[in-house]
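Student: Have a look at this one.
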There are 2 protein chains.
Amino acid sequence: MRPGAGRVTIADVARAAGVSIPTVSKVINQRDGVAPATIVRVQEVVAQLGYETSLVARSLRSSRTGVVGILVPEFEPFSTELLRGISSATTGTGYELLAYAGLVTGADQPGWERRSLSRLSGTLIDGAIVVTPTTALSSSSIPVVAIDPHTGPEGHATVDADNEDGAVQAVEHLLALGHTRIAHLRGRPDLASAQLREAGYRRALVTAGLPVDEGLVRDGGYQEDRSAAVARDLLTIPDRPTAVFAANDSSAVGVLRAAAELGLRVPEDLSVVGFDDVPQASTTTPPLTTVAQPLAELGSRAVEMLLTMLRGEPASDHVRLPTTLRVRRSTGPSPARVTPGA
Amino acid sequence: MRPGAGRVTIADVARAAGVSIPTVSKVINQRDGVAPATIVRVQEVVAQLGYETSLVARSLRSSRTGVVGILVPEFEPFSTELLRGISSATTGTGYELLAYAGLVTGADQPGWERRSLSRLSGTLIDGAIVVTPTTALSSSSIPVVAIDPHTGPEGHATVDADNEDGAVQAVEHLLALGHTRIAHLRGRPDLASAQLREAGYRRALVTAGLPVDEGLVRDGGYQEDRSAAVARDLLTIPDRPTAVFAANDSSAVGVLRAAAELGLRVPEDLSVVGFDDVPQASTTTPPLTTVAQPLAELGSRAVEMLLTMLRGEPASDHVRLPTTLRVRRSTGPSPARVTPGA
DNA sequence: CTGTTAGCGCCTTCAA
DNA sequence: TTGAAGGCGCTAACAG
């Protein structure tokens, strides 16, 4: 590293231009009270040295940074899709985006969002979008919008998809195909989304005048392996279900796997519906029928809400976007009669 | 907001615990030289107040932050896929991730990466992964790894996919199907990836003993609309090509559109190959045959290189990962004879 | 063991 | 029109 490398600071610029630091600051921030000639000279030096204000130093001093933070537990398909929606909705607004994955410690360390928020807020970011927070973020010093909070819409501003209605659509689709023994692999019972999807499942059955067989409701925990194990069991009971509504796509993939192992053909012998429509869903064998959440739109709506709040205007508290059933090949008419194993 | 809201600062903790600020700092950073009783008391207050050190303030002071920066021009499918690979390769390393899209101004503002890097480095992040930089980032104060740099591997550490070989695979696939008049819609001529893909196209033809008809090489600029326009022209010339190798998937989609407008069936009348394998590629009509880059792996390899560099160990300068042809439905045998328009 | 002092890079009064 | 002084939240040296 050559001498004087590191970063070019405002002091370097001031020295090179033969003025004081505050003068440089004024030029950069376009404050008036600087002689035209001085402005030009400073600008030249800035360009020549490739100086850029340090986001850090600036944010420590002044409250506004022009940066919106996206706090995620991890960058996986769900959050990256949101990110895309957020990104496209942000272009042209003058805000920059800073996505932060602060989950160093183990998986479901609760409170990761509080930690991240605390580390970034008050400094660095003017507002935040928190993805799938597990706790309430009531007392924050900056505007916050939560996307798909695990606790459901509480105090703060919230954007989510209509989980319950999506589940209803999924089950109604199966009912329309003539299925009557429809199982449900539910998600993590502590998450609002899982509760809502189960509620939708039950509501659809009840509406259709069918009883809910509690033996057909099992825990898949949103996980593929666990769901596969549970499905193996579920599909070998007497009078097995002819259709399974899995709480998410990972679970559905687990069911598909179990079915293949048991020699059950999908959809001839068994119909499977997932939830989320992750990219992988269209590449399974057969392609998975699933309920899609408008991820990109969830993201863009969240930014819009946040920007409104940043402008100091009142924003709607909760936005709920519709989900859409995506019919692919994993669902079909109910087999006339079910004989175990085939 | 309750009085004294905002952010809980180290001063608040110190006051509440009845100690000085540096003492709190020592406890937090687990430095020794603090009485056990004091440690406990401070920790209690920290927990109670929910205090977290400000990333900004800390980074301003100390050099190491434990945060790796990912600098992208924008969050779109390419960069978000990389992000996933980066994210999974980072878990368990103790590093946090900070993805920054600092592109406020127009689209291809050159030098966005310098600006972003300058704003974050020296503070905030310990190292950076820059996605598709348009210029060389030689003199940086922190370790930097570039993914798919538009200028090709130069001074700095680099990870990219084998663009040329991918193009060769694509064209050889078409040759194997009996095509001899194969057009190429090239990308932006200023980008290394585009140059390499064109080079692969030419090499494959030459290797097969076929002449390169310059009339079949057109500029698609990596853009769908522009490619559609160019394709409309290209597909109506006498002795039109029976296959098109587009420099990326967007261009390929443009070709598909143009073909549909002209009443050409794909793949019966025209075969189309893209490049990138964006998620959308599998949902076009028909699904697009394309060359896939191992995006997630590009990301994870980049992190590995960066972490090695951060450890002060020597790292390999350039990593080039193989590309894979993904054969779907947009390619088929060359039609026996081509009659214009059908 | 604890507290005081001195900045990190920048911006904002306020004087000169 | 310019510069000097102070402080944002924090940590690293020292002094007590």
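Ordering of the structure tokens sets the chain letters (A, B, ...); residue numbers start at 1 within each chain; ligands are numbered from 1 in the order shown.
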Mind running chain D against chain B at 8 Å and telling me each contacting residue's nearest atom pair with the distance in Å (one decimal), counting only C-alpha atoms (C1' of nucleotides), chain and number ascending, as a tab-separated table?

Tutor:
```
residue	atom	partner	partner_atom	distance
D:DG9	C1'	B:Ala57	CA	5.0
D:DC10	C1'	B:Ala57	CA	5.2
D:DT11	C1'	B:Arg61	CA	6.1
```

Student: A:Ile86: which residues within 10 Å, counting only C-alpha atoms (C1' of nucleotides), same-chain residues fewer than 3 positions away excluded, as a PyMOL selection string?

Tutor: (chain A and resi 70+80-83+89-91+97+129+295-304) or (chain B and resi 75)

Student: Show me, as an MDAnalysis selection string, the residues that have an atom within 6 Å of stretch 175-186 of chain A when counting only C-alpha atoms (C1' of nucleotides), minus same-chain residues fewer than 5 positions from it.

Tutor: chainID A and resid 216:220 241:247 333:334

Student: Using only C-alpha atoms (C1' of nucleotides), which protein or nucleic acid residues come within 8 Å of stretch 136-150 of chain B? Drop anything in the same chain fewer than 5 positions from it, and give the result as a count of residues only.

Tutor: 31

Student: Assign secondary structure with DSSP using the backbone only, and return the residues of stretch 111-264 of chain B in helix (DSSP H, G or I) as an MDAnalysis selection string.

Tutor: chainID B and resid 112:120 163:176 192:207 214:216 224:234 249:261

Student: What lies within 8 Å of B:Ser250 using only C-alpha atoms (C1' of nucleotides), ignoring chain neighbours under 4 positions off, as a list in words?

Tutor: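 Listing them by chain and then by number gives Tyr222, Gln223, Glu224, Gly254 and Gly274 of chain B.
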
Student: What is the distance between atom C1' of C:DA16 and atom CA of A:Asp12, in Å to one decimal?

Tutor: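 For atom C1' of C:DA16 relative to atom CA of A:Asp12, the distance reads 24.1 Å.
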
Student: Could I get the residues of chain C with an atom no further than 10 Å from an atom of chain A, each paired with its nearest atom pair and that distance in Å to one decimal, using only C-alpha atoms (C1' of nucleotides), sorted by chain and residue number, as CSV?

Tutor:
```
residue,atom,partner,partner_atom,distance
C:DC8,C1',A:Ala57,CA,8.5
C:DG9,C1',A:Ala57,CA,5.0
C:DC10,C1',A:Ala57,CA,5.2
C:DC11,C1',A:Arg61,CA,6.2
C:DT12,C1',A:Ser62,CA,9.2
```

Student: Can you tell me, as a VMD selection string, which residues in stretch 122-307 of chain B count as strand (DSSP E or B) by DSSP?

Tutor: chain B and resid 127 to 131 144 to 147 157 to 161 182 to 186 217 to 219 243 to 246 271 to 276 289 to 292

Student: Name the closest residue to chain B among the candidates A:Gln169, A:Thr38, A:Thr93, A:Asn248; distances are taken between atoms, counting only C-alpha atoms.

Tutor: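 Distance minimum relative to chain B lands on A:Thr93.
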
Student: Find the residues near stretch 328-332 of chain B: any atom within 12 Å, counting only C-alpha atoms (C1' of nucleotides), skip ones fewer than 2 places away on the same chain, and give them as number ranges by chain.

Tutor: A: 283; B: 170-171, 173-179, 182, 242-245, 249, 252-253, 255-256, 259, 265-274, 277, 281-292, 325-326, 334-336

Student: Please list as a list in words every residue within 10 Å of C:DT2, counting only C-alpha atoms (C1' of nucleotides) and excluding residues in the same chain fewer than 4 positions away.

Tutor: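 Contacts, with the query itself left out: Val19, Ser20, Pro22, Thr23, Gly33, Val34 and Ala35 of chain B; DG16 of chain D.
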